[in-house]
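A.B. asks: Compact mmCIF, C-alpha atoms, saved as start.txt, coming up:
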```
# COMPACT_ATOMS: atom_id res chain seq x y z
CA MET O 18 58.64 -14.61 24.06
CA ILE O 19 58.96 -12.17 26.91
CA ARG O 20 56.92 -14.44 29.12
CA SER O 21 58.95 -17.40 28.07
CA ARG O 22 62.18 -15.62 28.87
CA LEU O 23 60.87 -14.65 32.27
CA VAL O 24 59.93 -18.25 32.82
CA GLY O 25 63.42 -19.27 31.79
CA ILE O 26 64.98 -16.83 34.22
CA LEU O 27 62.65 -17.97 36.98
CA MET O 28 63.43 -21.58 36.24
CA SER O 29 67.10 -20.78 36.24
CA THR O 30 66.78 -19.01 39.56
CA LEU O 31 64.93 -21.92 41.02
CA LEU O 32 67.33 -24.45 39.65
CA ALA O 33 70.36 -22.42 40.65
CA GLY O 34 69.64 -23.36 44.23
CA CYS O 35 69.86 -27.03 43.44
CA ALA O 36 72.97 -29.08 43.20
CA ALA O 37 74.08 -29.52 39.64
CA PRO O 38 73.52 -33.03 38.36
CA ALA O 39 76.55 -35.25 38.35
CA GLY O 40 78.55 -34.79 35.22
CA ALA O 41 77.02 -31.44 34.35
CA SER O 42 78.95 -28.60 32.77
CA ILE O 43 80.04 -30.77 29.89
CA GLU O 44 81.13 -28.40 27.20
CA THR O 45 80.31 -29.25 23.66
CA THR O 46 83.54 -30.21 22.05
CA GLY O 47 84.58 -32.08 18.96
CA PRO O 48 83.89 -31.50 15.32
CA ASN O 49 82.33 -28.13 14.71
CA PRO O 50 79.06 -28.40 12.86
CA SER O 51 78.90 -26.24 9.82
CA ALA O 52 76.70 -25.56 6.89
CA GLU O 53 76.46 -28.30 4.34
CA SER O 54 77.04 -27.10 0.86
CA VAL O 55 75.07 -28.53 -2.00
CA ALA O 56 76.96 -31.34 -3.64
CA THR O 57 77.30 -31.19 -7.40
CA VAL O 58 74.60 -33.31 -8.94
CA LEU O 59 75.87 -35.26 -11.91
CA PRO O 60 73.69 -37.00 -14.47
CA ALA O 61 72.67 -40.33 -13.01
CA PRO O 62 74.47 -43.24 -14.64
CA PRO O 63 71.95 -45.31 -16.55
CA LEU O 64 70.66 -48.41 -14.86
CA ARG O 65 72.13 -51.58 -16.27
CA VAL O 66 69.85 -53.23 -18.77
CA LEU O 67 68.93 -56.54 -17.19
CA PRO O 68 66.30 -59.15 -17.93
CA VAL O 69 63.14 -58.76 -15.91
CA ASP O 70 62.68 -61.46 -13.31
CA PRO O 71 59.89 -63.61 -14.77
CA ASN O 72 58.89 -64.74 -11.28
CA LEU O 73 57.64 -61.28 -10.34
CA SER O 74 54.30 -59.76 -11.21
CA ALA O 75 54.06 -56.29 -12.66
CA VAL O 76 52.15 -53.70 -10.65
CA SER O 77 49.38 -51.85 -12.39
CA LEU O 78 49.91 -48.11 -12.44
CA ALA O 79 46.27 -47.42 -13.22
CA ASN O 80 44.78 -49.96 -10.87
CA PRO O 81 47.23 -50.98 -8.16
CA SER O 82 46.17 -53.13 -5.25
CA ALA O 83 45.61 -51.31 -1.98
CA GLU O 84 48.93 -52.62 -0.69
CA ALA O 85 50.78 -51.55 -3.81
CA LYS O 86 49.20 -48.12 -3.66
CA ALA O 87 50.21 -47.78 -0.02
CA ALA O 88 53.79 -48.55 -0.98
CA MET O 89 53.66 -46.04 -3.82
CA ASP O 90 52.30 -43.42 -1.47
CA LEU O 91 55.21 -43.98 0.88
CA CYS O 92 57.85 -43.87 -1.83
CA VAL O 93 56.87 -42.01 -4.94
CA ARG O 94 56.63 -38.26 -5.38
CA ALA O 95 55.23 -36.32 -8.28
CA GLY O 96 57.83 -36.31 -11.02
CA ASP O 97 59.71 -39.40 -9.89
CA THR O 98 60.58 -41.96 -12.56
CA VAL O 99 59.79 -45.52 -11.57
CA ALA O 100 61.82 -48.07 -13.49
CA GLY O 101 60.31 -51.10 -11.79
CA MET O 102 58.26 -52.26 -8.84
CA ALA O 103 57.33 -55.56 -7.27
CA TYR O 104 56.11 -57.38 -4.21
CA LEU O 105 58.66 -59.72 -2.68
CA ASP O 106 57.72 -62.61 -0.44
CA SER O 107 60.77 -61.92 1.72
CA ALA O 108 62.73 -58.75 2.38
CA ARG O 109 65.85 -60.87 2.12
CA ASP O 110 65.23 -61.05 -1.63
CA VAL O 111 65.80 -57.33 -2.11
CA ARG O 112 69.47 -58.10 -2.70
CA LYS O 113 68.58 -59.85 -5.95
CA TYR O 114 67.47 -56.54 -7.44
CA MET O 115 69.83 -54.01 -5.86
CA LEU O 116 73.57 -53.44 -5.79
CA THR O 117 74.44 -54.58 -2.28
CA ASN O 118 76.09 -57.22 -0.18
CA GLY O 119 72.78 -58.00 1.48
CA ASN O 120 73.87 -56.91 4.95
CA GLU O 121 71.21 -54.26 5.52
CA PRO O 122 69.89 -54.85 9.06
CA GLU O 123 66.37 -53.84 8.01
CA LEU O 124 66.28 -56.57 5.39
CA GLN O 125 67.28 -59.44 7.64
CA THR O 126 63.69 -60.56 7.94
CA ASP O 127 61.39 -63.00 6.22
CA LYS O 128 58.62 -60.42 6.20
CA PRO O 129 57.36 -59.40 2.75
CA ALA O 130 58.57 -56.23 1.11
CA TRP O 131 57.59 -53.84 -1.61
CA ILE O 132 60.49 -52.64 -3.72
CA ILE O 133 60.54 -49.72 -6.13
CA GLN O 134 63.51 -48.94 -8.39
CA PHE O 135 63.78 -45.30 -9.40
CA SER O 136 65.83 -44.13 -12.35
CA GLY O 137 67.67 -40.85 -12.52
CA ALA O 138 68.85 -38.40 -9.92
CA TRP O 139 66.45 -38.39 -6.95
CA THR O 140 66.88 -35.15 -5.04
CA PHE O 141 65.44 -34.55 -1.62
CA ARG O 142 66.50 -31.26 -0.06
CA ASN O 143 70.28 -31.31 -0.25
CA TRP O 144 70.52 -35.10 -0.65
CA THR O 145 70.66 -36.57 -4.13
CA ALA O 146 70.78 -40.29 -4.82
CA TYR O 147 71.39 -41.86 -8.20
CA ASN O 148 68.88 -44.53 -9.18
CA PRO O 149 67.73 -45.09 -5.59
CA VAL O 150 65.61 -47.98 -4.38
CA CYS O 151 62.66 -47.63 -2.03
CA VAL O 152 61.81 -50.62 0.12
CA VAL O 153 58.76 -50.88 2.37
CA VAL O 154 58.69 -53.49 5.11
CA ASP O 155 55.89 -53.53 7.66
CA GLY O 156 54.77 -50.12 6.47
CA VAL O 157 58.18 -48.57 7.10
CA ARG O 158 59.91 -46.90 4.15
CA MET O 159 63.63 -46.89 3.47
CA ILE O 160 65.25 -45.06 0.58
CA PHE O 161 68.45 -46.86 -0.32
CA ALA O 162 71.12 -45.26 -2.46
CA PRO O 163 73.01 -48.34 -3.67
CA TYR O 164 74.37 -46.53 -6.71
CA GLY O 165 75.85 -43.58 -4.85
CA THR O 166 74.89 -40.05 -3.96
CA ALA O 167 75.96 -36.63 -5.14
CA ALA O 168 77.87 -36.22 -1.88
CA ASP O 169 79.95 -39.28 -2.75
CA GLY O 170 81.38 -37.46 -5.75
CA PRO O 171 82.21 -38.77 -9.21
CA ALA O 172 84.92 -41.10 -7.94
CA TRP O 173 82.44 -43.11 -5.87
CA SER O 174 82.60 -46.87 -6.09
CA PRO O 175 80.59 -49.41 -4.12
CA PRO O 176 82.15 -51.36 -1.27
CA ALA O 177 84.22 -54.20 -2.66
CA ASP O 178 81.83 -56.90 -1.51
CA PHE O 179 78.76 -55.41 -3.19
CA VAL O 180 77.30 -57.60 -5.93
CA TRP O 181 75.49 -56.26 -8.97
CA PRO O 182 72.00 -57.61 -9.57
CA THR O 183 71.47 -59.90 -12.51
CA VAL O 184 67.73 -59.41 -12.92
CA ALA O 185 65.47 -56.36 -12.89
CA LEU O 186 62.09 -55.53 -11.43
CA PRO O 187 59.18 -55.48 -13.85
CA PRO O 188 58.20 -52.00 -15.03
CA LEU O 189 54.81 -50.68 -14.03
CA ALA O 190 52.00 -52.00 -16.17
CA LYS O 191 49.52 -49.56 -17.67
CA MET N 595 63.85 -30.99 44.44
CA VAL N 596 60.47 -32.56 43.93
CA LEU N 597 58.84 -29.20 44.55
CA VAL N 598 61.09 -27.50 42.05
CA ALA N 599 60.44 -30.18 39.45
CA THR N 600 56.71 -29.87 39.93
CA LEU N 601 56.79 -26.12 39.73
CA THR N 602 59.00 -26.20 36.69
CA PHE N 603 56.61 -28.54 34.93
CA GLY N 604 53.73 -26.26 35.68
CA LEU N 605 55.52 -23.28 34.31
CA VAL N 606 56.55 -25.04 31.15
CA ALA N 607 53.08 -26.40 30.62
CA GLY N 608 51.71 -22.90 30.95
CA ARG N 609 54.12 -21.33 28.51
CA LEU N 610 52.67 -19.48 25.61
CA SER N 611 53.10 -21.41 22.42
CA LEU N 612 54.46 -19.68 19.40
CA PRO N 613 52.03 -18.84 16.64
CA ALA N 614 53.02 -18.93 13.02
CA THR N 615 54.74 -15.76 12.06
CA ALA N 616 52.33 -13.52 10.24
CA TYR N 617 54.48 -13.05 7.19
CA ALA N 618 57.04 -14.83 5.08
CA LEU N 619 59.77 -13.83 2.69
CA SER N 620 60.38 -14.72 -0.91
CA CYS N 621 62.90 -17.50 -1.28
CA ALA N 622 66.44 -16.27 -1.70
CA GLY N 623 67.95 -19.46 -3.12
CA SER N 624 69.49 -22.24 -1.14
CA THR N 625 73.18 -22.83 -0.78
CA GLY N 626 72.61 -26.03 1.17
CA SER N 627 71.41 -26.91 4.64
CA HIS N 628 72.19 -24.41 7.37
CA PHE N 629 72.04 -25.08 11.07
CA ALA N 630 71.66 -23.39 14.42
CA GLY N 631 72.20 -25.26 17.65
CA ASN N 632 74.63 -27.46 19.47
CA GLN N 633 76.21 -30.86 19.25
CA SER N 634 77.79 -32.73 22.13
CA ASN N 635 80.57 -34.99 20.91
CA HIS N 636 81.82 -38.11 22.67
CA THR N 637 83.41 -40.56 20.30
CA SER N 638 81.63 -43.92 20.36
CA ALA N 639 80.20 -43.11 23.80
CA VAL N 640 76.76 -41.65 23.06
CA ARG N 641 73.71 -43.79 23.78
CA GLY N 642 70.98 -41.18 23.62
CA ALA N 643 69.96 -37.54 23.26
CA LYS N 644 67.01 -35.57 24.53
CA ALA N 645 65.86 -31.98 24.67
CA GLN N 646 62.75 -30.08 25.61
CA ILE N 647 62.07 -27.95 22.57
CA GLU N 648 59.51 -25.22 22.34
CA TYR N 649 57.09 -25.52 19.45
CA VAL N 650 57.46 -23.07 16.62
CA ASN N 651 55.28 -23.01 13.54
CA GLU N 652 58.13 -21.76 11.40
CA SER N 653 57.40 -19.73 8.33
CA LEU N 654 58.76 -20.98 5.05
CA CYS N 655 59.89 -18.77 2.23
CA THR N 656 57.26 -18.24 -0.40
CA THR N 657 58.01 -18.65 -4.05
CA ALA N 658 55.38 -20.25 -6.22
CA GLY N 659 56.36 -23.82 -6.90
CA GLY N 660 59.37 -23.52 -4.65
CA ASN N 661 60.82 -26.10 -2.31
CA ASP N 662 61.68 -25.22 1.24
CA PHE N 663 61.72 -26.62 4.73
CA SER N 664 62.52 -25.75 8.31
CA SER N 665 62.95 -28.28 11.09
CA TYR N 666 64.38 -28.83 14.54
CA TRP N 667 65.30 -32.00 16.37
CA SER N 668 67.07 -34.14 18.91
CA ALA N 669 69.33 -36.75 17.33
CA VAL N 670 72.21 -39.10 17.79
CA VAL N 671 74.82 -39.04 15.05
CA GLY N 672 77.94 -40.78 13.85
CA TYR N 673 81.10 -39.23 12.50
CA ASP N 674 82.29 -41.66 9.89
CA ALA N 675 85.22 -40.18 8.06
CA GLY N 676 83.52 -41.06 4.80
CA ASP N 677 80.17 -39.61 5.80
CA THR N 678 80.47 -36.65 3.48
CA GLY N 679 76.72 -36.26 3.30
CA HIS N 680 76.30 -36.38 7.08
CA GLU N 681 73.84 -39.23 6.75
CA ASP N 682 74.66 -41.05 9.99
CA ILE N 683 71.75 -39.75 12.00
CA TYR N 684 68.72 -41.00 13.96
CA GLN N 685 66.44 -38.12 14.85
CA ILE N 686 63.00 -37.09 16.03
CA SER N 687 61.10 -33.79 16.34
CA VAL N 688 59.33 -31.32 14.09
CA ASP N 689 59.55 -30.62 10.38
CA LYS N 690 57.69 -28.34 8.00
CA CYS N 691 58.04 -28.32 4.23
CA VAL N 692 56.67 -27.23 0.89
CA GLY N 693 57.38 -28.63 -2.57
CA SER N 694 58.04 -32.13 -3.83
CA LEU N 695 61.81 -31.76 -3.45
CA ALA N 696 61.52 -30.79 0.21
CA CYS N 697 58.51 -32.79 1.36
CA ALA N 698 58.92 -36.52 1.67
CA PRO N 699 56.10 -38.69 0.41
CA THR N 700 53.35 -38.60 3.09
CA SER N 701 54.66 -35.36 4.60
CA PRO N 702 51.96 -32.70 4.76
CA SER N 703 52.55 -29.52 2.80
CA ASN N 704 53.22 -26.32 4.74
CA LYS N 705 52.12 -27.86 8.02
CA ALA N 706 54.31 -28.65 11.01
CA TYR N 707 54.48 -32.37 11.81
CA TYR N 708 56.40 -34.75 14.03
CA PHE N 709 58.93 -36.82 12.16
CA TRP N 710 61.65 -39.35 12.60
CA ALA N 711 64.47 -40.21 10.24
CA TYR N 712 67.40 -42.58 10.07
CA GLY N 713 70.31 -42.60 7.66
CA ARG N 714 73.69 -44.13 7.06
CA GLN N 715 76.53 -44.47 4.60
CA ALA N 716 77.07 -47.57 2.54
CA SER N 717 79.35 -50.09 4.22
CA SER N 718 80.32 -53.70 4.14
CA ALA N 719 78.82 -54.07 7.59
CA CYS N 720 75.38 -52.71 6.72
CA GLY N 721 74.99 -52.76 2.97
CA ALA N 722 73.58 -49.92 0.94
CA ASP N 723 73.43 -46.25 1.84
CA VAL N 724 70.15 -45.11 3.44
CA GLY N 725 68.93 -41.55 3.00
CA PRO N 726 67.70 -39.77 6.13
CA ILE N 727 64.26 -39.05 4.69
CA PRO N 728 61.68 -37.78 7.22
CA ASN N 729 58.90 -40.16 8.16
CA PHE N 730 55.56 -38.71 9.20
CA ILE N 731 54.45 -39.47 12.76
CA ALA N 732 51.56 -37.06 13.30
CA ASN N 733 50.60 -33.45 12.80
CA ALA N 734 52.31 -31.32 15.43
CA ASN N 735 50.42 -29.58 18.17
CA THR N 736 51.53 -26.34 19.74
CA SER N 737 52.95 -27.81 22.93
CA THR N 738 56.51 -27.93 24.12
CA HIS N 739 57.74 -31.51 24.15
CA THR N 740 60.79 -33.52 25.07
CA TYR N 741 62.19 -35.35 22.05
CA LYS N 742 64.38 -38.31 22.85
CA VAL N 743 66.43 -40.96 21.11
CA VAL N 744 67.74 -43.53 23.55
CA ARG N 745 69.30 -46.97 23.71
CA GLU N 746 67.17 -49.45 25.62
CA TYR N 747 67.25 -53.14 26.42
CA LEU N 748 64.58 -55.77 26.13
CA THR N 749 65.02 -59.36 27.19
CA GLY N 750 64.94 -61.49 24.10
CA VAL N 751 65.64 -58.51 21.86
CA GLY N 752 68.80 -57.06 23.30
CA PHE N 753 69.85 -53.44 22.95
CA PHE N 754 68.02 -51.20 20.52
CA TYR N 755 67.42 -47.50 19.97
CA ASN N 756 63.96 -46.12 20.56
CA LEU N 757 62.25 -42.80 19.85
CA TYR N 758 60.12 -40.78 22.24
CA ILE N 759 58.00 -37.66 22.30
CA ASP N 760 57.59 -37.03 26.03
CA SER N 761 56.68 -40.43 27.49
CA THR N 762 55.24 -41.83 24.27
CA GLY N 763 57.60 -44.33 22.71
CA TYR N 764 57.60 -45.25 19.03
CA GLN N 765 59.04 -48.72 19.15
CA THR N 766 57.52 -49.44 15.75
CA TRP N 767 60.39 -47.49 14.28
CA PHE N 768 63.14 -48.74 16.56
CA LYS N 769 66.62 -49.40 15.25
CA THR N 770 68.81 -52.25 16.34
CA GLU N 771 71.96 -51.31 18.19
CA SER N 772 73.88 -52.64 15.23
CA SER N 773 72.12 -50.19 12.92
CA LEU N 774 73.85 -47.38 14.76
CA ASN N 775 76.97 -48.76 16.39
CA ASP N 776 78.12 -50.97 13.52
CA CYS N 777 76.68 -49.09 10.57
CA TRP N 778 78.08 -45.76 11.75
CA HIS N 779 81.22 -47.22 13.33
CA GLY N 780 80.10 -45.78 16.65
CA VAL N 781 77.53 -43.32 17.96
CA ASP N 782 79.58 -40.19 18.47
CA GLY N 783 77.33 -37.21 19.04
CA ALA N 784 74.11 -35.86 20.47
CA GLN N 785 72.81 -33.24 18.09
CA PHE N 786 70.23 -30.51 18.72
CA TYR N 787 69.63 -28.32 15.71
CA ASN N 788 67.38 -26.02 13.82
CA GLU N 789 67.85 -26.57 10.10
CA VAL N 790 66.73 -24.55 7.11
CA LEU N 791 67.41 -24.84 3.42
CA ASP N 792 66.76 -21.29 2.29
CA PRO N 793 68.06 -18.23 4.14
CA HIS N 794 64.52 -16.86 4.14
CA ALA N 795 62.98 -19.85 5.87
CA GLU N 796 62.44 -19.14 9.54
CA SER N 797 64.95 -20.84 11.85
CA GLY N 798 63.71 -21.01 15.43
CA GLY N 799 61.39 -18.32 16.70
CA PRO N 800 60.93 -14.78 15.50
CA THR N 801 63.00 -11.97 16.98
CA ALA N 802 60.32 -11.05 19.48
CA ASN N 803 59.64 -14.62 20.57
CA HIS N 804 62.72 -16.83 20.69
CA GLN N 805 62.46 -20.60 20.58
CA SER N 806 63.61 -22.07 23.87
CA TRP N 807 65.71 -25.23 24.15
CA ASN N 808 65.73 -26.62 27.69
CA GLN N 809 66.86 -29.70 29.56
CA VAL N 810 69.28 -30.80 26.89
CA TYR N 811 71.08 -34.03 27.69
CA TRP N 812 73.17 -36.75 26.15
CA TYR N 813 73.12 -40.30 27.47
CA THR N 814 76.15 -42.38 28.37
CA GLY N 815 74.20 -45.62 28.60
CA SER N 816 73.87 -45.27 32.35
CA ALA N 817 73.41 -41.55 33.05
CA TRP N 818 71.92 -38.50 31.39
CA THR N 819 74.46 -35.70 31.30
CA ALA N 820 73.56 -32.06 30.77
CA VAL N 821 74.78 -30.30 27.66
CA THR N 822 75.87 -26.85 28.70
CA GLY N 823 77.42 -23.73 27.24
CA ALA N 824 79.10 -20.55 28.38
CA SER N 825 76.82 -17.76 29.53
CA GLY N 826 75.65 -15.59 26.67
CA SER N 827 77.86 -17.29 24.11
CA ASN N 828 76.81 -18.28 20.62
CA CYS N 829 75.77 -21.82 19.91
CA GLN N 830 78.22 -23.95 17.96
CA ALA N 831 76.18 -23.58 14.80
CA HIS N 832 74.49 -20.42 13.56
CA ASP N 833 75.27 -20.65 9.90
CA TYR N 834 73.19 -17.98 8.20
CA ALA N 835 73.70 -14.45 9.49
CA SER N 836 69.99 -14.36 10.25
CA GLN N 837 70.18 -17.53 12.36
CA LYS N 838 70.77 -16.55 15.96
CA CYS N 839 71.39 -19.05 18.69
CA VAL N 840 72.66 -17.98 22.10
CA TRP N 841 73.16 -19.74 25.41
CA ASN N 842 71.16 -18.39 28.30
CA SER N 843 73.05 -15.93 30.50
CA VAL N 844 71.71 -17.46 33.70
CA ASP N 845 71.05 -21.14 33.09
CA PRO N 846 73.98 -22.89 31.34
CA SER N 847 71.75 -25.66 30.05
CA VAL N 848 69.32 -23.47 28.12
CA TRP N 849 69.62 -21.70 24.80
CA ALA N 850 67.38 -19.69 22.53
CA SER N 851 67.25 -19.67 18.76
CA TRP N 852 65.62 -17.12 16.55
CA ASP N 853 65.66 -15.64 13.10
CA THR N 854 66.31 -11.96 12.60
CA ASN N 855 64.38 -12.03 9.32
CA TYR N 856 61.19 -12.51 11.32
```
When written as C-alpha cells, how does the structure in this file appear?

C.D. replies:
Amino acid sequence: MIRSRLVGILMSTLLAGCAAPAGASIETTGPNPSAESVATVLPAPPLRVLPVDPNLSAVSLANPSAEAKAAMDLCVRAGDTVAGMAYLDSARDVRKYMLTNGNEPELQTDKPAWIIQFSGAWTFRNWTAYNPVCVVVDGVRMIFAPYGTAADGPAWSPPADFVWPTVALPPLAK
Amino acid sequence: MVLVATLTFGLVAGRLSLPATAYALSCAGSTGSHFAGNQSNHTSAVRGAKAQIEYVNESLCTTAGGNDFSSYWSAVVGYDAGDTGHEDIYQISVDKCVGSLACAPTSPSNKAYYFWAYGRQASSACGADVGPIPNFIANANTSTHTYKVVREYLTGVGFFYNLYIDSTGYQTWFKTESSLNDCWHGVDGAQFYNEVLDPHAESGGPTANHQSWNQVYWYTGSAWTAVTGASGSNCQAHDYASQKCVWNSVDPSVWASWDTNY
C-alpha cells in the first residue's frame, strides 16, 4: 500500500490548502464501540402446538413452485429446521402466525408474502434467534425473531402488546 | 477546489486495488464479533453516513467446515438501551464469508460481495425483532467505492432512507423513516467498521498494504460533516490485538486499517 499511502499524503497535502468544510473536526464521541461477546445460547423453547390453518396450502419440499423455491433459497440454509411454510395473500396476515403486535413497517402492505417458521435455535454469526420466522415480500427477505434472541437473555419476555398466534403454518409436504 | 476534486478523483481511481492475501491462517476460535474503525455519535441527529472505502479481498481463516466472515461498511445505527445485540443498524458495503453459520442464504461462499442489512429490536412501535442478516447485492469488484446510507425525500412518499454505492442507489431496499427513527428510538450514530468473527480472519488490509478509509462523513439532514480524528491516534475500535486502525498523521479525515496477522 506504499503507493496508496503516498496518494493519501499527496491528497492530504492538496487538501490542506483548502478551507476545511463547515463543521469539520467533529471528534467521534459517545458510546465507545467494543467487541461483542457471544451470548449464551439456550435451548430454544418449543413452539406452541397449534392447529394448522386449514386455509393455507402446504408447500412441497420435493417439488416446490418456482416462487416457493425462490423463497426457500432466500431463507433456508443447510441444516435449518422448517416447521411450516405458506404463501399469504397479504403480508398483513403474517401476524396471524407469529408472536407480534402486527406493527412491523415492512408488513403494512397488501402485497403477498411467503412465510417460513423455523424451529430451534437459528444461529447466524454471533446472532442467535429462537424459532425465528422468515418473511419474503417483493423478493426482500426479513428474518424476524419474535420469540427472542440469545442476546435477550433467559429473562426475555415479549412486549406487552404482542399477541400469540392461534394457528400454525402447514408443515412442508413430502 | 474543482481542480483539486478532479485531481483527487483521478488519483483515487488510479489506486492499486488490494489483491487477496496469498495465505490464510487456521481458525483460532471466535469469542464474538470484533471491530476496527470509528463511530460518530450524535443522539437522534444522524440522517446519513458515507465513506470511501478501499476494496480488500480479505482472507478468511481456514478450518475445514468452519464458519468465518470478514466485512466492512458504512452504516447508521441506533443506541436503544435495550439493544443488547446491537441490532439497530442499516448498513451497506462488502462482506465475505464461509460456512452456513456465517453465510446468509444467497451469499456466495468465500467471495467478496456487496451487501446491505437492516436490523432492529422488538418494540411496541415496530413489532418483532429483525436480525441484521446480510442481503446479497452483487459480487464485489476491486474498485474503491463510496458507500452511503442517507435520508431522502420524495413527494408522495415522504422521508425514507436509501442505500448507495457511489452514485448507484438501491431504492428497492429502502427503509421508511419510521423504520429507523421510531423503531430505534432515534438514529444516533454513523458507523464505519471492519468486523471479523475469528481472530485469524483478516481485518482490513495486510500489514504491507493498509486499507484506506477516506472522505468519511455523517449527515445532519442538511449538511455532510466530516468525521475526523487526532493525528496518528488509534481508531475508537481495534478489538483484537491484530486489528490495527490508525488515523492518518496528515489528513484528519483519513484512517487506515490492517491486520498484523497478514

A.B. asks: As an exercise, work out the distance from CA of Ser843 (chain N) to CA of Gly823 (chain N) in Å and give it to one decimal place.

C.D. replies: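 About the pair CA of Ser843 (chain N) and CA of Gly823 (chain N): they are 9.5 Å apart.
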
A.B. asks: Using Å and a single decimal, report how far CA of Tyr147 (chain O) sits from CA of Ala88 (chain O).

C.D. replies: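 Rounded to one decimal, the two atoms are 20.2 Å apart.
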
A.B. asks: Please determine the contact residues of chain N with respect to chain O at a cut-off of 7 Å, counting all atoms listed in the file, and supply them as a PyMOL selection string.

C.D. replies: chain N and resi 598+602+605+609+625-629+633-635+678-679+694-696+699-700+717-725+773+802-804+819-823+830-831+833+844-845

A.B. asks: Enumerate, as a ChimeraX atom specification, the protein, DNA and RNA residues whose atoms approach (67.8, -34.1, 19.7) to within 7 Å, taking into account all atoms listed in the file and the coordinate frame of the file.

C.D. replies: /N:643-645,667-670,685-686,741-742,784-786

A.B. asks: Between CA of Leu64 (chain O) and CA of Thr126 (chain O), what is the distance in Å, rounded to a tenth?

C.D. replies: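 Result for CA of Leu64 (chain O) versus CA of Thr126 (chain O): 26.8 Å, one decimal.
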
A.B. asks: Could you give me, as an mmCIF file with C-alpha atoms, in the coordinates of the input, the residues within 8 Å of Gly101 (chain O), counting all atoms listed in the file and dropping anything in the same chain fewer than 3 positions from it?

C.D. replies:
```cif
data_model
loop_
_atom_site.group_PDB
_atom_site.id
_atom_site.type_symbol
_atom_site.label_atom_id
_atom_site.label_comp_id
_atom_site.auth_asym_id
_atom_site.auth_seq_id
_atom_site.Cartn_x
_atom_site.Cartn_y
_atom_site.Cartn_z
ATOM 1 C CA ILE O 133 60.540 -49.720 -6.130
ATOM 2 C CA GLN O 134 63.510 -48.940 -8.390
ATOM 3 C CA PHE O 135 63.780 -45.300 -9.400
ATOM 4 C CA ALA O 185 65.470 -56.360 -12.890
ATOM 5 C CA LEU O 186 62.090 -55.530 -11.430
ATOM 6 C CA PRO O 187 59.180 -55.480 -13.850
ATOM 7 C CA PRO O 188 58.200 -52.000 -15.030
ATOM 8 C CA LEU O 189 54.810 -50.680 -14.030
#
```

A.B. asks: Please list as number ranges by chain every residue within 6 Å of region 646-663 of chain N, counting only C-alpha atoms and excluding residues in the same chain fewer than 4 positions away.

C.D. replies: N: 612, 614, 618-621, 690-693, 695-696, 736-740, 790, 794-796, 805-809

A.B. asks: Using the selection just defined, write its residues with C-alpha atoms as a PDB file, in the frame of the given file.

C.D. replies:
```
ATOM      1  CA  LEU N 612      54.460 -19.680  19.400  1.00  0.00           C
ATOM      2  CA  ALA N 614      53.020 -18.930  13.020  1.00  0.00           C
ATOM      3  CA  ALA N 618      57.040 -14.830   5.080  1.00  0.00           C
ATOM      4  CA  LEU N 619      59.770 -13.830   2.690  1.00  0.00           C
ATOM      5  CA  SER N 620      60.380 -14.720  -0.910  1.00  0.00           C
ATOM      6  CA  CYS N 621      62.900 -17.500  -1.280  1.00  0.00           C
ATOM      7  CA  LYS N 690      57.690 -28.340   8.000  1.00  0.00           C
ATOM      8  CA  CYS N 691      58.040 -28.320   4.230  1.00  0.00           C
ATOM      9  CA  VAL N 692      56.670 -27.230   0.890  1.00  0.00           C
ATOM     10  CA  GLY N 693      57.380 -28.630  -2.570  1.00  0.00           C
ATOM     11  CA  LEU N 695      61.810 -31.760  -3.450  1.00  0.00           C
ATOM     12  CA  ALA N 696      61.520 -30.790   0.210  1.00  0.00           C
ATOM     13  CA  THR N 736      51.530 -26.340  19.740  1.00  0.00           C
ATOM     14  CA  SER N 737      52.950 -27.810  22.930  1.00  0.00           C
ATOM     15  CA  THR N 738      56.510 -27.930  24.120  1.00  0.00           C
ATOM     16  CA  HIS N 739      57.740 -31.510  24.150  1.00  0.00           C
ATOM     17  CA  THR N 740      60.790 -33.520  25.070  1.00  0.00           C
ATOM     18  CA  VAL N 790      66.730 -24.550   7.110  1.00  0.00           C
ATOM     19  CA  HIS N 794      64.520 -16.860   4.140  1.00  0.00           C
ATOM     20  CA  ALA N 795      62.980 -19.850   5.870  1.00  0.00           C
ATOM     21  CA  GLU N 796      62.440 -19.140   9.540  1.00  0.00           C
ATOM     22  CA  GLN N 805      62.460 -20.600  20.580  1.00  0.00           C
ATOM     23  CA  SER N 806      63.610 -22.070  23.870  1.00  0.00           C
ATOM     24  CA  TRP N 807      65.710 -25.230  24.150  1.00  0.00           C
ATOM     25  CA  ASN N 808      65.730 -26.620  27.690  1.00  0.00           C
ATOM     26  CA  GLN N 809      66.860 -29.700  29.560  1.00  0.00           C
TER      27      GLN N 809
END
```

A.B. asks: Please complete region 126-131 of chain O so it has N, CA, C and O atoms, and hand it over as a PDB file, keeping the file's coordinate frame.

C.D. replies:
```pdb
ATOM      1  N   THR O 126      64.993 -60.086   7.462  1.00  0.00           N
ATOM      2  CA  THR O 126      63.690 -60.560   7.940  1.00  0.00           C
ATOM      3  C   THR O 126      62.990 -61.306   6.812  1.00  0.00           C
ATOM      4  O   THR O 126      63.189 -60.994   5.628  1.00  0.00           O
ATOM      5  N   ASP O 127      62.173 -62.259   7.208  1.00  0.00           N
ATOM      6  CA  ASP O 127      61.390 -63.000   6.220  1.00  0.00           C
ATOM      7  C   ASP O 127      60.062 -62.318   5.909  1.00  0.00           C
ATOM      8  O   ASP O 127      59.256 -62.855   5.151  1.00  0.00           O
ATOM      9  N   LYS O 128      59.856 -61.140   6.496  1.00  0.00           N
ATOM     10  CA  LYS O 128      58.620 -60.420   6.200  1.00  0.00           C
ATOM     11  C   LYS O 128      58.612 -59.974   4.741  1.00  0.00           C
ATOM     12  O   LYS O 128      59.667 -59.715   4.167  1.00  0.00           O
ATOM     13  N   PRO O 129      57.421 -59.854   4.160  1.00  0.00           N
ATOM     14  CA  PRO O 129      57.360 -59.400   2.750  1.00  0.00           C
ATOM     15  C   PRO O 129      57.773 -57.952   2.606  1.00  0.00           C
ATOM     16  O   PRO O 129      57.758 -57.184   3.568  1.00  0.00           O
ATOM     17  N   ALA O 130      58.125 -57.604   1.383  1.00  0.00           N
ATOM     18  CA  ALA O 130      58.570 -56.230   1.110  1.00  0.00           C
ATOM     19  C   ALA O 130      58.035 -55.770  -0.239  1.00  0.00           C
ATOM     20  O   ALA O 130      57.840 -56.572  -1.158  1.00  0.00           O
ATOM     21  N   TRP O 131      57.817 -54.487  -0.326  1.00  0.00           N
ATOM     22  CA  TRP O 131      57.590 -53.840  -1.610  1.00  0.00           C
ATOM     23  C   TRP O 131      58.886 -53.150  -1.997  1.00  0.00           C
ATOM     24  O   TRP O 131      59.549 -52.549  -1.148  1.00  0.00           O
TER      25      TRP O 131
END
```
